[in-house]
>>> print(open('query-v4.txt').read())   # compact mmCIF, C-alpha atoms and all ligand atoms
# COMPACT_ATOMS: atom_id res chain seq x y z
CA MET A 1 -10.15 -13.66 -2.83
CA ASP A 2 -13.18 -11.48 -3.42
CA CYS A 3 -13.24 -11.48 -7.22
CA ILE A 4 -16.57 -10.97 -8.99
CA PHE A 5 -15.44 -12.80 -12.16
CA CYS A 6 -14.18 -15.78 -10.10
CA LYS A 7 -17.69 -15.89 -8.62
CA ILE A 8 -19.23 -15.73 -12.11
CA ALA A 9 -16.82 -18.46 -13.29
CA SER A 10 -17.85 -20.73 -10.40
CA GLY A 11 -21.57 -20.02 -10.91
CA GLU A 12 -21.93 -18.34 -7.51
CA ILE A 13 -23.03 -15.18 -9.35
CA PRO A 14 -25.29 -15.89 -12.34
CA SER A 15 -24.46 -14.74 -15.86
CA LYS A 16 -25.96 -15.05 -19.31
CA LYS A 17 -23.57 -17.58 -20.82
CA VAL A 18 -22.50 -17.82 -24.45
CA TYR A 19 -19.88 -20.58 -24.08
CA GLU A 20 -18.36 -22.55 -21.24
CA ASP A 21 -15.84 -25.33 -20.79
CA GLY A 22 -13.49 -26.39 -18.02
CA ASP A 23 -11.01 -23.59 -18.72
CA MET A 24 -13.05 -20.56 -19.78
CA LEU A 25 -16.41 -18.84 -19.71
CA ALA A 26 -17.97 -16.38 -22.17
CA PHE A 27 -20.93 -14.33 -20.98
CA TYR A 28 -22.77 -11.14 -21.90
CA ASP A 29 -21.49 -7.90 -20.39
CA ILE A 30 -23.92 -6.34 -17.91
CA ASN A 31 -23.27 -2.89 -19.40
CA PRO A 32 -23.08 -3.43 -23.17
CA MET A 33 -20.96 -0.99 -25.19
CA ALA A 34 -22.08 -2.43 -28.54
CA LYS A 35 -25.11 -4.29 -29.85
CA VAL A 36 -23.32 -7.53 -28.95
CA HIS A 37 -20.87 -7.34 -26.05
CA VAL A 38 -19.44 -10.56 -24.65
CA LEU A 39 -16.73 -11.03 -22.02
CA VAL A 40 -14.40 -14.03 -22.20
CA ILE A 41 -12.53 -15.03 -19.03
CA PRO A 42 -10.21 -17.82 -17.97
CA LYS A 43 -11.67 -19.71 -14.99
CA THR A 44 -8.26 -19.51 -13.30
CA HIS A 45 -7.69 -16.13 -11.73
CA ILE A 46 -5.19 -13.93 -13.57
CA ASP A 47 -5.33 -10.19 -12.75
CA ASN A 48 -4.81 -8.91 -16.28
CA ILE A 49 -2.48 -9.18 -19.29
CA ASP A 50 0.50 -8.35 -17.04
CA GLY A 51 -0.22 -11.55 -15.12
CA ILE A 52 0.11 -13.84 -18.16
CA ASN A 53 3.24 -15.98 -18.04
CA ALA A 54 4.68 -19.25 -19.38
CA GLU A 55 2.87 -21.26 -16.67
CA ASN A 56 -0.66 -19.91 -17.29
CA SER A 57 -0.66 -18.81 -20.94
CA ALA A 58 -2.20 -22.05 -22.28
CA CYS A 59 -5.69 -20.91 -21.22
CA VAL A 60 -5.14 -17.58 -23.00
CA ALA A 61 -4.12 -19.38 -26.19
CA LYS A 62 -7.22 -21.54 -25.82
CA ILE A 63 -9.43 -18.46 -25.40
CA PHE A 64 -8.06 -16.98 -28.63
CA GLY A 65 -8.55 -20.29 -30.38
CA LYS A 66 -12.24 -20.14 -29.45
CA MET A 67 -12.82 -16.39 -30.02
CA GLY A 68 -14.38 -16.78 -33.49
CA GLU A 69 -16.63 -19.61 -32.36
CA ILE A 70 -17.82 -17.55 -29.36
CA ALA A 71 -18.50 -14.48 -31.54
CA LYS A 72 -20.53 -16.66 -33.91
CA ALA A 73 -22.45 -18.24 -31.02
CA ALA A 74 -23.36 -14.71 -29.86
CA GLY A 75 -24.81 -13.99 -33.31
CA ILE A 76 -21.93 -11.92 -34.69
CA THR A 77 -21.65 -12.49 -38.44
CA ASN A 78 -19.79 -9.49 -39.83
CA GLY A 79 -16.66 -8.95 -37.78
CA TYR A 80 -15.84 -7.97 -34.24
CA ARG A 81 -13.30 -6.21 -32.04
CA VAL A 82 -11.45 -7.76 -29.10
CA ILE A 83 -10.27 -5.47 -26.28
CA SER A 84 -8.56 -6.16 -22.96
CA ASN A 85 -8.08 -3.23 -20.59
CA CYS A 86 -4.94 -3.66 -18.51
CA GLY A 87 -4.38 -1.46 -15.48
CA ARG A 88 -5.45 1.95 -14.24
CA ASP A 89 -4.80 4.16 -17.26
CA ALA A 90 -6.75 1.69 -19.45
CA LYS A 91 -9.65 1.94 -16.96
CA GLN A 92 -9.64 -1.75 -16.05
CA SER A 93 -12.48 -1.99 -13.53
CA VAL A 94 -12.55 -5.74 -12.80
CA MET A 95 -9.20 -7.25 -11.78
CA HIS A 96 -9.69 -10.62 -13.48
CA LEU A 97 -8.33 -11.03 -17.00
CA HIS A 98 -11.13 -10.59 -19.53
CA PHE A 99 -11.45 -10.01 -23.23
CA HIS A 100 -14.31 -7.89 -24.52
CA ILE A 101 -15.83 -9.07 -27.82
CA LEU A 102 -17.73 -6.19 -29.42
CA GLY A 103 -19.81 -6.50 -32.56
CA GLY A 104 -23.27 -7.06 -33.96
CA GLU A 105 -23.20 -3.66 -35.63
CA GLU A 106 -20.77 -1.40 -37.48
CA LEU A 107 -18.40 -0.16 -34.77
CA PRO A 108 -16.96 3.35 -34.64
CA GLU A 109 -13.51 3.68 -36.17
CA ARG A 110 -12.00 3.95 -32.68
CA LEU A 111 -13.57 2.45 -29.58
CA ALA A 112 -10.28 2.01 -27.78
P1 LIG B 201 -13.19 -3.45 -17.72
O1 LIG B 201 -13.55 -2.00 -17.63
O2 LIG B 201 -12.37 -3.75 -18.95
O3 LIG B 201 -12.58 -3.97 -16.45
O4 LIG B 201 -14.58 -4.21 -17.95
C1 LIG B 201 -15.32 -4.85 -16.95
C2 LIG B 201 -16.65 -5.17 -17.57
O5 LIG B 201 -17.30 -6.08 -16.71
C3 LIG B 201 -17.59 -3.98 -17.73
O6 LIG B 201 -17.84 -3.78 -19.10
C4 LIG B 201 -18.85 -4.36 -16.98
C5 LIG B 201 -18.68 -5.85 -16.77
N1 LIG B 201 -19.24 -6.35 -15.52
C6 LIG B 201 -18.93 -5.94 -14.26
N2 LIG B 201 -19.62 -6.64 -13.35
C7 LIG B 201 -20.36 -7.55 -14.04
C8 LIG B 201 -21.27 -8.57 -13.64
O7 LIG B 201 -21.54 -8.79 -12.46
N3 LIG B 201 -21.86 -9.28 -14.63
C9 LIG B 201 -21.59 -9.06 -15.96
N4 LIG B 201 -22.23 -9.81 -16.85
N5 LIG B 201 -20.72 -8.12 -16.37
C10 LIG B 201 -20.12 -7.36 -15.41
>>> encode(input="query-v4.txt", output="structure tokens", more="lines below")
Ligand code: DGP
Amino acid sequence: MDCIFCKIASGEIPSKKVYEDGDMLAFYDINPMAKVHVLVIPKTHIDNIDGINAENSACVAKIFGKMGEIAKAAGITNGYRVISNCGRDAKQSVMHLHFHILGGEELPERLA
């Protein structure tokens, strides 16, 4: 499968990493939408939120369990927003489940 985030997860495509373990990777977004913009992905390929099920949801729970630690490691100290675009109307551009962490500054009331 030709998935850019699978290639980032495997290290085939380099990224600026914030956190990594066997199940997930957090790295800086190439096109930041806030002063700090990190993407968190499961290493296992899941297309998007619609692809989460009872068999693969443990990695998603683990990602959320680490979200605060990742935000802190990226230098966020005063709150953050987590977004996951799912499907065409949401303008999902990379078909590998990812969670945007946005922060490092006061965010507009509505970014999503
Ligand atoms: P979304 O629109 O929710 O599918 O967001 C995809 C994000 O992925 C977008 O903010 C830009 C980012 N992105 C795409 N390609 C790369 C890449 O090769 N490296 C990094 N670091 N980020 C990427």
>>> closest_residue(input="query-v4.txt", among="A:Leu102, A:Leu25, A:Ile76, A:Cys59", to="A:Ile46", atoms="only C-alpha atoms")
A:Cys59
>>> residues_around(input="query-v4.txt", residues="stretch 31-40 of chain A", least_positions_apart="6", cutoff="10 Å", atoms="all atoms listed in the file", output="ChimeraX atom specification")
/A:16-20,24-25,60,63-64,66-67,70-71,74-76,80-84,97-108,111
>>> write_last_selection(input="query-v4.txt", atoms="C-alpha atoms", output="PDB file, keeping the file's coordinate frame")
ATOM      1  CA  LYS A  16     -25.960 -15.050 -19.310  1.00  0.00           C
ATOM      2  CA  LYS A  17     -23.570 -17.580 -20.820  1.00  0.00           C
ATOM      3  CA  VAL A  18     -22.500 -17.820 -24.450  1.00  0.00           C
ATOM      4  CA  TYR A  19     -19.880 -20.580 -24.080  1.00  0.00           C
ATOM      5  CA  GLU A  20     -18.360 -22.550 -21.240  1.00  0.00           C
ATOM      6  CA  MET A  24     -13.050 -20.560 -19.780  1.00  0.00           C
ATOM      7  CA  LEU A  25     -16.410 -18.840 -19.710  1.00  0.00           C
ATOM      8  CA  VAL A  60      -5.140 -17.580 -23.000  1.00  0.00           C
ATOM      9  CA  ILE A  63      -9.430 -18.460 -25.400  1.00  0.00           C
ATOM     10  CA  PHE A  64      -8.060 -16.980 -28.630  1.00  0.00           C
ATOM     11  CA  LYS A  66     -12.240 -20.140 -29.450  1.00  0.00           C
ATOM     12  CA  MET A  67     -12.820 -16.390 -30.020  1.00  0.00           C
ATOM     13  CA  ILE A  70     -17.820 -17.550 -29.360  1.00  0.00           C
ATOM     14  CA  ALA A  71     -18.500 -14.480 -31.540  1.00  0.00           C
ATOM     15  CA  ALA A  74     -23.360 -14.710 -29.860  1.00  0.00           C
ATOM     16  CA  GLY A  75     -24.810 -13.990 -33.310  1.00  0.00           C
ATOM     17  CA  ILE A  76     -21.930 -11.920 -34.690  1.00  0.00           C
ATOM     18  CA  TYR A  80     -15.840  -7.970 -34.240  1.00  0.00           C
ATOM     19  CA  ARG A  81     -13.300  -6.210 -32.040  1.00  0.00           C
ATOM     20  CA  VAL A  82     -11.450  -7.760 -29.100  1.00  0.00           C
ATOM     21  CA  ILE A  83     -10.270  -5.470 -26.280  1.00  0.00           C
ATOM     22  CA  SER A  84      -8.560  -6.160 -22.960  1.00  0.00           C
ATOM     23  CA  LEU A  97      -8.330 -11.030 -17.000  1.00  0.00           C
ATOM     24  CA  HIS A  98     -11.130 -10.590 -19.530  1.00  0.00           C
ATOM     25  CA  PHE A  99     -11.450 -10.010 -23.230  1.00  0.00           C
ATOM     26  CA  HIS A 100     -14.310  -7.890 -24.520  1.00  0.00           C
ATOM     27  CA  ILE A 101     -15.830  -9.070 -27.820  1.00  0.00           C
ATOM     28  CA  LEU A 102     -17.730  -6.190 -29.420  1.00  0.00           C
ATOM     29  CA  GLY A 103     -19.810  -6.500 -32.560  1.00  0.00           C
ATOM     30  CA  GLY A 104     -23.270  -7.060 -33.960  1.00  0.00           C
ATOM     31  CA  GLU A 105     -23.200  -3.660 -35.630  1.00  0.00           C
ATOM     32  CA  GLU A 106     -20.770  -1.400 -37.480  1.00  0.00           C
ATOM     33  CA  LEU A 107     -18.400  -0.160 -34.770  1.00  0.00           C
ATOM     34  CA  PRO A 108     -16.960   3.350 -34.640  1.00  0.00           C
ATOM     35  CA  LEU A 111     -13.570   2.450 -29.580  1.00  0.00           C
TER      36      LEU A 111
END
>>> closest_residue(input="query-v4.txt", among="A:Tyr28, A:Lys91, A:His45, A:Gly68", to="A:Met1", atoms="all atoms listed in the file")
A:His45
>>> residues_near_ligand(input="query-v4.txt", ligand="ligand LIG 201 (chain B)", cutoff="6 Å", atoms="all atoms listed in the file", output="list in words")
Ser15, Tyr28, Asp29, Ile30, Asn31, Asn85, Lys91, Gln92, Ser93 and Val94 of chain A
>>> write_last_selection(input="query-v4.txt", atoms="C-alpha atoms", output="PDB file, in the coordinates of the input")
ATOM      1  CA  SER A  15     -24.460 -14.740 -15.860  1.00  0.00           C
ATOM      2  CA  TYR A  28     -22.770 -11.140 -21.900  1.00  0.00           C
ATOM      3  CA  ASP A  29     -21.490  -7.900 -20.390  1.00  0.00           C
ATOM      4  CA  ILE A  30     -23.920  -6.340 -17.910  1.00  0.00           C
ATOM      5  CA  ASN A  31     -23.270  -2.890 -19.400  1.00  0.00           C
ATOM      6  CA  ASN A  85      -8.080  -3.230 -20.590  1.00  0.00           C
ATOM      7  CA  LYS A  91      -9.650   1.940 -16.960  1.00  0.00           C
ATOM      8  CA  GLN A  92      -9.640  -1.750 -16.050  1.00  0.00           C
ATOM      9  CA  SER A  93     -12.480  -1.990 -13.530  1.00  0.00           C
ATOM     10  CA  VAL A  94     -12.550  -5.740 -12.800  1.00  0.00           C
TER      11      VAL A  94
END
>>> closest_residue(input="query-v4.txt", among="A:Met95, A:Ile41, A:Ala26, A:Ile52", to="A:Cys3", atoms="only C-alpha atoms")
A:Met95
>>> closest_residue(input="query-v4.txt", among="A:Asp23, A:Asp2, A:Asn48, A:Gly11", to="A:Arg88", atoms="only C-alpha atoms")
A:Asn48
>>> axis_aligned_box(input="query-v4.txt", around="stretch 73-80 of chain A", padding_each_side="4 Å", output="JSON")
{"center_x": -20.3, "center_y": -13.1, "center_z": -34.8, "size_x": 17.0, "size_y": 18.3, "size_z": 18.0}
>>> atom_distance(input="query-v4.txt", atom1="atom CA of A:Pro42", atom2="atom CA of A:Phe27")
11.7 Å
>>> atom_distance(input="query-v4.txt", atom1="atom CA of A:Asn53", atom2="atom CA of A:Ile13")
27.7 Å
>>> atom_distance(input="query-v4.txt", atom1="atom CA of A:Glu109", atom2="atom CA of A:Gly51")
29.2 Å
>>> closest_residue(input="query-v4.txt", among="A:Cys6, A:Gly22, A:Asp47, A:Asn56", to="A:His96", atoms="all atoms listed in the file")
A:Asp47
>>> decode(input="query-v4.txt", residues="stretch 32-67 of chain A", atoms="N, CA, C and O atoms", output="PDB file, in the first residue's frame")
ATOM      1  N   PRO A  32       2.334  23.613   9.223  1.00  0.00           N
ATOM      2  CA  PRO A  32       1.705  23.923  10.518  1.00  0.00           C
ATOM      3  C   PRO A  32       0.564  24.942  10.447  1.00  0.00           C
ATOM      4  O   PRO A  32       0.678  25.964   9.795  1.00  0.00           O
ATOM      5  N   MET A  33      -0.527  24.611  11.134  1.00  0.00           N
ATOM      6  CA  MET A  33      -1.708  25.478  11.194  1.00  0.00           C
ATOM      7  C   MET A  33      -1.783  26.222  12.526  1.00  0.00           C
ATOM      8  O   MET A  33      -2.741  26.934  12.786  1.00  0.00           O
ATOM      9  N   ALA A  34      -0.804  26.024  13.378  1.00  0.00           N
ATOM     10  CA  ALA A  34      -0.706  26.725  14.659  1.00  0.00           C
ATOM     11  C   ALA A  34       0.776  26.754  15.016  1.00  0.00           C
ATOM     12  O   ALA A  34       1.591  26.075  14.368  1.00  0.00           O
ATOM     13  N   LYS A  35       1.100  27.551  16.027  1.00  0.00           N
ATOM     14  CA  LYS A  35       2.513  27.682  16.402  1.00  0.00           C
ATOM     15  C   LYS A  35       3.140  26.303  16.676  1.00  0.00           C
ATOM     16  O   LYS A  35       4.273  26.044  16.280  1.00  0.00           O
ATOM     17  N   VAL A  36       2.396  25.450  17.352  1.00  0.00           N
ATOM     18  CA  VAL A  36       2.817  24.051  17.520  1.00  0.00           C
ATOM     19  C   VAL A  36       1.748  23.169  16.873  1.00  0.00           C
ATOM     20  O   VAL A  36       0.563  23.282  17.196  1.00  0.00           O
ATOM     21  N   HIS A  37       2.180  22.336  15.950  1.00  0.00           N
ATOM     22  CA  HIS A  37       1.241  21.458  15.230  1.00  0.00           C
ATOM     23  C   HIS A  37       1.902  20.085  15.076  1.00  0.00           C
ATOM     24  O   HIS A  37       2.840  19.918  14.293  1.00  0.00           O
ATOM     25  N   VAL A  38       1.378  19.144  15.839  1.00  0.00           N
ATOM     26  CA  VAL A  38       1.930  17.784  15.868  1.00  0.00           C
ATOM     27  C   VAL A  38       0.864  16.827  15.340  1.00  0.00           C
ATOM     28  O   VAL A  38      -0.337  17.032  15.570  1.00  0.00           O
ATOM     29  N   LEU A  39       1.299  15.804  14.622  1.00  0.00           N
ATOM     30  CA  LEU A  39       0.405  14.735  14.185  1.00  0.00           C
ATOM     31  C   LEU A  39       0.735  13.477  14.973  1.00  0.00           C
ATOM     32  O   LEU A  39       1.917  13.166  15.165  1.00  0.00           O
ATOM     33  N   VAL A  40      -0.289  12.783  15.433  1.00  0.00           N
ATOM     34  CA  VAL A  40      -0.086  11.516  16.138  1.00  0.00           C
ATOM     35  C   VAL A  40      -0.762  10.417  15.328  1.00  0.00           C
ATOM     36  O   VAL A  40      -1.946  10.537  14.989  1.00  0.00           O
ATOM     37  N   ILE A  41       0.007   9.373  15.010  1.00  0.00           N
ATOM     38  CA  ILE A  41      -0.530   8.279  14.178  1.00  0.00           C
ATOM     39  C   ILE A  41      -0.267   6.923  14.846  1.00  0.00           C
ATOM     40  O   ILE A  41       0.747   6.745  15.522  1.00  0.00           O
ATOM     41  N   PRO A  42      -1.190   5.978  14.615  1.00  0.00           N
ATOM     42  CA  PRO A  42      -0.865   4.595  14.980  1.00  0.00           C
ATOM     43  C   PRO A  42       0.085   4.048  13.916  1.00  0.00           C
ATOM     44  O   PRO A  42      -0.013   4.427  12.743  1.00  0.00           O
ATOM     45  N   LYS A  43       0.999   3.183  14.285  1.00  0.00           N
ATOM     46  CA  LYS A  43       1.904   2.601  13.279  1.00  0.00           C
ATOM     47  C   LYS A  43       1.150   1.627  12.368  1.00  0.00           C
ATOM     48  O   LYS A  43       1.476   1.483  11.205  1.00  0.00           O
ATOM     49  N   THR A  44       0.139   0.973  12.926  1.00  0.00           N
ATOM     50  CA  THR A  44      -0.729   0.104  12.119  1.00  0.00           C
ATOM     51  C   THR A  44      -1.604   0.973  11.229  1.00  0.00           C
ATOM     52  O   THR A  44      -2.129   1.994  11.689  1.00  0.00           O
ATOM     53  N   HIS A  45      -1.766   0.562   9.986  1.00  0.00           N
ATOM     54  CA  HIS A  45      -2.601   1.369   9.090  1.00  0.00           C
ATOM     55  C   HIS A  45      -4.085   1.219   9.407  1.00  0.00           C
ATOM     56  O   HIS A  45      -4.628   0.116   9.409  1.00  0.00           O
ATOM     57  N   ILE A  46      -4.708   2.360   9.673  1.00  0.00           N
ATOM     58  CA  ILE A  46      -6.176   2.468   9.777  1.00  0.00           C
ATOM     59  C   ILE A  46      -6.508   3.692   8.922  1.00  0.00           C
ATOM     60  O   ILE A  46      -5.838   4.727   9.040  1.00  0.00           O
ATOM     61  N   ASP A  47      -7.502   3.616   8.048  1.00  0.00           N
ATOM     62  CA  ASP A  47      -7.767   4.731   7.124  1.00  0.00           C
ATOM     63  C   ASP A  47      -8.139   6.020   7.859  1.00  0.00           C
ATOM     64  O   ASP A  47      -7.620   7.091   7.548  1.00  0.00           O
ATOM     65  N   ASN A  48      -9.068   5.894   8.778  1.00  0.00           N
ATOM     66  CA  ASN A  48      -9.554   7.079   9.510  1.00  0.00           C
ATOM     67  C   ASN A  48     -10.456   6.597  10.654  1.00  0.00           C
ATOM     68  O   ASN A  48     -10.504   5.382  10.932  1.00  0.00           O
ATOM     69  N   ILE A  49     -11.147   7.503  11.291  1.00  0.00           N
ATOM     70  CA  ILE A  49     -11.976   7.135  12.456  1.00  0.00           C
ATOM     71  C   ILE A  49     -12.981   6.035  12.093  1.00  0.00           C
ATOM     72  O   ILE A  49     -13.260   5.152  12.916  1.00  0.00           O
ATOM     73  N   ASP A  50     -13.489   6.068  10.865  1.00  0.00           N
ATOM     74  CA  ASP A  50     -14.450   5.034  10.447  1.00  0.00           C
ATOM     75  C   ASP A  50     -13.848   3.627  10.452  1.00  0.00           C
ATOM     76  O   ASP A  50     -14.591   2.641  10.454  1.00  0.00           O
ATOM     77  N   GLY A  51     -12.513   3.557  10.426  1.00  0.00           N
ATOM     78  CA  GLY A  51     -11.856   2.253  10.406  1.00  0.00           C
ATOM     79  C   GLY A  51     -11.519   1.711  11.787  1.00  0.00           C
ATOM     80  O   GLY A  51     -10.918   0.635  11.910  1.00  0.00           O
ATOM     81  N   ILE A  52     -11.868   2.450  12.833  1.00  0.00           N
ATOM     82  CA  ILE A  52     -11.591   1.990  14.202  1.00  0.00           C
ATOM     83  C   ILE A  52     -12.648   0.959  14.601  1.00  0.00           C
ATOM     84  O   ILE A  52     -13.849   1.183  14.413  1.00  0.00           O
ATOM     85  N   ASN A  53     -12.180  -0.168  15.127  1.00  0.00           N
ATOM     86  CA  ASN A  53     -13.125  -1.206  15.558  1.00  0.00           C
ATOM     87  C   ASN A  53     -12.593  -1.893  16.820  1.00  0.00           C
ATOM     88  O   ASN A  53     -11.529  -1.529  17.334  1.00  0.00           O
ATOM     89  N   ALA A  54     -13.325  -2.894  17.286  1.00  0.00           N
ATOM     90  CA  ALA A  54     -12.965  -3.564  18.546  1.00  0.00           C
ATOM     91  C   ALA A  54     -11.586  -4.218  18.464  1.00  0.00           C
ATOM     92  O   ALA A  54     -10.886  -4.324  19.464  1.00  0.00           O
ATOM     93  N   GLU A  55     -11.185  -4.630  17.256  1.00  0.00           N
ATOM     94  CA  GLU A  55      -9.894  -5.330  17.094  1.00  0.00           C
ATOM     95  C   GLU A  55      -8.699  -4.370  17.136  1.00  0.00           C
ATOM     96  O   GLU A  55      -7.614  -4.747  17.560  1.00  0.00           O
ATOM     97  N   ASN A  56      -8.891  -3.126  16.653  1.00  0.00           N
ATOM     98  CA  ASN A  56      -7.727  -2.232  16.536  1.00  0.00           C
ATOM     99  C   ASN A  56      -7.782  -1.008  17.446  1.00  0.00           C
ATOM    100  O   ASN A  56      -6.906  -0.131  17.360  1.00  0.00           O
ATOM    101  N   SER A  57      -8.802  -0.919  18.290  1.00  0.00           N
ATOM    102  CA  SER A  57      -8.997   0.322  19.054  1.00  0.00           C
ATOM    103  C   SER A  57      -8.010   0.492  20.212  1.00  0.00           C
ATOM    104  O   SER A  57      -7.886   1.591  20.753  1.00  0.00           O
ATOM    105  N   ALA A  58      -7.289  -0.573  20.573  1.00  0.00           N
ATOM    106  CA  ALA A  58      -6.349  -0.445  21.701  1.00  0.00           C
ATOM    107  C   ALA A  58      -5.280   0.614  21.412  1.00  0.00           C
ATOM    108  O   ALA A  58      -4.905   1.389  22.303  1.00  0.00           O
ATOM    109  N   CYS A  59      -4.808   0.682  20.159  1.00  0.00           N
ATOM    110  CA  CYS A  59      -3.771   1.671  19.831  1.00  0.00           C
ATOM    111  C   CYS A  59      -4.339   3.087  19.895  1.00  0.00           C
ATOM    112  O   CYS A  59      -3.618   4.039  20.229  1.00  0.00           O
ATOM    113  N   VAL A  60      -5.629   3.229  19.610  1.00  0.00           N
ATOM    114  CA  VAL A  60      -6.259   4.555  19.675  1.00  0.00           C
ATOM    115  C   VAL A  60      -6.382   4.989  21.142  1.00  0.00           C
ATOM    116  O   VAL A  60      -6.081   6.131  21.491  1.00  0.00           O
ATOM    117  N   ALA A  61      -6.776   4.044  21.988  1.00  0.00           N
ATOM    118  CA  ALA A  61      -6.843   4.341  23.429  1.00  0.00           C
ATOM    119  C   ALA A  61      -5.457   4.714  23.940  1.00  0.00           C
ATOM    120  O   ALA A  61      -5.304   5.665  24.729  1.00  0.00           O
ATOM    121  N   LYS A  62      -4.450   4.012  23.463  1.00  0.00           N
ATOM    122  CA  LYS A  62      -3.080   4.301  23.898  1.00  0.00           C
ATOM    123  C   LYS A  62      -2.654   5.691  23.435  1.00  0.00           C
ATOM    124  O   LYS A  62      -2.025   6.438  24.192  1.00  0.00           O
ATOM    125  N   ILE A  63      -3.008   6.042  22.206  1.00  0.00           N
ATOM    126  CA  ILE A  63      -2.682   7.391  21.696  1.00  0.00           C
ATOM    127  C   ILE A  63      -3.301   8.447  22.610  1.00  0.00           C
ATOM    128  O   ILE A  63      -2.636   9.407  23.007  1.00  0.00           O
ATOM    129  N   PHE A  64      -4.580   8.269  22.962  1.00  0.00           N
ATOM    130  CA  PHE A  64      -5.226   9.286  23.813  1.00  0.00           C
ATOM    131  C   PHE A  64      -4.637   9.304  25.210  1.00  0.00           C
ATOM    132  O   PHE A  64      -4.573  10.354  25.840  1.00  0.00           O
ATOM    133  N   GLY A  65      -4.162   8.162  25.661  1.00  0.00           N
ATOM    134  CA  GLY A  65      -3.501   8.111  26.961  1.00  0.00           C
ATOM    135  C   GLY A  65      -2.172   8.849  26.983  1.00  0.00           C
ATOM    136  O   GLY A  65      -1.677   9.209  28.054  1.00  0.00           O
ATOM    137  N   LYS A  66      -1.590   9.045  25.806  1.00  0.00           N
ATOM    138  CA  LYS A  66      -0.282   9.711  25.692  1.00  0.00           C
ATOM    139  C   LYS A  66      -0.409  11.154  25.208  1.00  0.00           C
ATOM    140  O   LYS A  66       0.594  11.868  25.133  1.00  0.00           O
ATOM    141  N   MET A  67      -1.602  11.592  24.834  1.00  0.00           N
ATOM    142  CA  MET A  67      -1.788  12.891  24.176  1.00  0.00           C
ATOM    143  C   MET A  67      -1.180  14.038  24.994  1.00  0.00           C
ATOM    144  O   MET A  67      -0.456  14.882  24.454  1.00  0.00           O
TER     145      MET A  67
END
